[in-house]
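Structure first, then comments.
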Amino acid sequence: MVSASEAIAGRQDPLVVSRRHLIFDVPLTGEPSGSEVAYVAMGCFWGAERVFYRLEGVLCTAVGYQGGFTQNPTYEEVCTGLTGHAEVVKVVFDPARMSYEAVLARFFENHDPTQGYRQGADVGTQYRSAIYVLDAVQERTARHVARLYEERLRAAGFGPLTTEIALAGEFFLAEEYHQQYLEANPHGYCGLGGTGLSCPVGVAGI
């Protein structure tokens, strides 16, 4: 993992994506009143975003970069490993129709969170497993669900969980062609692969 002193400096001007969401026909920035937001990283964000925009209760998704040091990075910079960012999906959801726990369950079930700085054939710190939380309530929930899932993983013979759980820093929107990539390119690459284990959310109390 690159250090802050080694990271690319970046730039002041943010990337602007004007296109609306290809599924929900809403802007990619901003959230409706009463909605909640989750930030998750689970490998290449093309397939990861598709997992969430197909779920009932999700209002919008966007892909971008988070968890690193570089201001307003480009995709090419993130791929060098010199920004410190992960490829992240921003999930905007209606808490009356979908809980934060349920978002995390889909997160854990749709990738292998034991692989460290990789996801399948995709290797690099940008492909790490991560949950970036917005407050103490989200952090408590994330750590509890992670513990439950790690118990299930270990019982099935997997190694330790490597998912990073940290306070969310700034989310930098990725370039337009990455947004809902697999909707625009139905036969495009998707490197996601889960462990086959379900996540036991809703038990033991949160």
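Residue numbering restarts at 1 for every chain of the structure tokens, chains are lettered A, B, ... in their displayed order, and ligands are numbered from 1 as they appear.
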DSSP-assigned strand (DSSP E or B) among stretch 77-151 of chain A, expressed as number ranges by chain: A: 86-93, 118-119, 122-123, 129-133
7 Å contact set for A:Ile8, only C-alpha atoms, chain neighbours under 5 positions out, as a PyMOL selection string: chain A and resi 70+82-83
Any chance you could export the current selection's N, CA and C atoms as a short mmCIF file (atom, residue, chain, number, x, y, z; two decimals), in the first residue's frame?
data_model
loop_
_atom_site.label_atom_id
_atom_site.label_comp_id
_atom_site.auth_asym_id
_atom_site.auth_seq_id
_atom_site.Cartn_x
_atom_site.Cartn_y
_atom_site.Cartn_z
N THR A 70 -4.79 10.67 -3.15
CA THR A 70 -4.73 11.57 -4.30
C THR A 70 -6.04 12.31 -4.51
N LEU A 82 -0.63 4.03 -7.06
CA LEU A 82 0.07 5.14 -6.43
C LEU A 82 -0.86 6.23 -5.91
N THR A 83 -2.15 5.96 -5.86
CA THR A 83 -3.09 6.91 -5.27
C THR A 83 -3.60 6.42 -3.92
#
Within 6 Å of stretch 41-43 of chain A using only C-alpha atoms, minus same-chain residues under 2 positions, as a PyMOL selection string: chain A and resi 87-88+119+127+129-130
Selection: 9 Å around A:Phe52, only C-alpha atoms, excl. self and same-chain fewer than 2 positions, as a list of chain:residue names: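 Contacts, with the query itself left out: A:Ala48, A:Glu49, A:Arg50, A:Arg54, A:Leu55, A:Glu56, A:Val58, A:Cys60, A:Thr61, A:Val89, A:Val91, A:Val103, A:Arg106, A:Phe107.
Minimum atom-to-atom distance to A:Arg152, evaluated using only C-alpha atoms, belongs to A:Glu109 out of A:Asp13, A:Glu109, A:Glu6, A:Glu36.
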A:Gln138 surroundings by only C-alpha atoms, 9 Å radius, close-in-sequence under 6 positions cut, as a VMD selection string: chain A and resid 38 100 132
Nearby residues (only C-alpha atoms) at most 7 Å from stretch 175-190 of chain A, same-chain spacing under 2 positions excluded, as a list in words: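 Selected residues are Val17, Leu22, Trp46, Gly47, Glu49, Arg50, Ala62, Val63, Leu173 and Leu192 of chain A.
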Counting only C-alpha atoms, which residues of stretch 87-187 of chain A sit at most 12 Å from some atom of stretch 197-202 of chain A, and what is each one's closest atom pair with its distance in Å to one decimal, listed by chain and rising residue number, as CSV?
residue,atom,partner,partner_atom,distance
A:Ser99,CA,A:Gly202,CA,9.9
A:Tyr100,CA,A:Val201,CA,10.1
A:Glu101,CA,A:Val201,CA,6.4
A:Ala102,CA,A:Val201,CA,7.1
A:Val103,CA,A:Val201,CA,10.0
A:Leu104,CA,A:Val201,CA,8.6
A:Ala105,CA,A:Cys199,CA,5.3
A:Arg106,CA,A:Cys199,CA,7.8
A:Phe107,CA,A:Cys199,CA,9.2
A:Phe108,CA,A:Cys199,CA,6.8
A:Glu109,CA,A:Ser198,CA,5.9
A:Asn110,CA,A:Leu197,CA,9.2
A:His111,CA,A:Leu197,CA,10.1
A:Asp112,CA,A:Leu197,CA,9.7
A:Pro113,CA,A:Leu197,CA,11.3
A:Thr141,CA,A:Val201,CA,10.0
A:Ala142,CA,A:Val201,CA,10.6
A:Arg143,CA,A:Val201,CA,11.9
A:His144,CA,A:Val201,CA,9.2
A:Val145,CA,A:Val201,CA,6.5
A:Ala146,CA,A:Cys199,CA,9.0
A:Arg147,CA,A:Pro200,CA,10.2
A:Leu148,CA,A:Pro200,CA,6.7
A:Tyr149,CA,A:Cys199,CA,5.7
A:Glu150,CA,A:Cys199,CA,9.4
A:Glu151,CA,A:Pro200,CA,10.0
A:Arg152,CA,A:Leu197,CA,7.5
A:Leu153,CA,A:Leu197,CA,7.4
A:Arg154,CA,A:Leu197,CA,10.9
A:Ala155,CA,A:Leu197,CA,10.5
A:Ala156,CA,A:Leu197,CA,8.4
A:Gly157,CA,A:Leu197,CA,11.3
A:Phe158,CA,A:Leu197,CA,10.5
Stretch 4-205 of chain A: residues DSSP assigns to alpha helix (DSSP H), reported as a PyMOL selection string: chain A and resi 45-53+75-79+100-109+136-155+181-184
Spatial neighbours of A:Leu15, 12 Å, only C-alpha atoms, chain gap at least 5 places, as a ChimeraX atom specification: /A:10,29,64-65,71-75,171-176
Nearest residue to A:Gly194 from the set A:Gln115, A:Arg140, A:Glu164, A:Val26 (distances using only C-alpha atoms): A:Gln115
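Using only C-alpha atoms, the shortest contact distance between A:Arg11 and any of A:Glu77, A:Ile23, A:Leu28, A:Gly67 is found at A:Glu77.
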Separation of atom CA of A:Gln126 from atom CA of A:Val2, in Å and rounded to one decimal: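 These two atoms are separated by 10.8 Å.
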Distance in Å - atom CA of A:Cys79 versus atom CA of A:Glu139: 27.6 Å
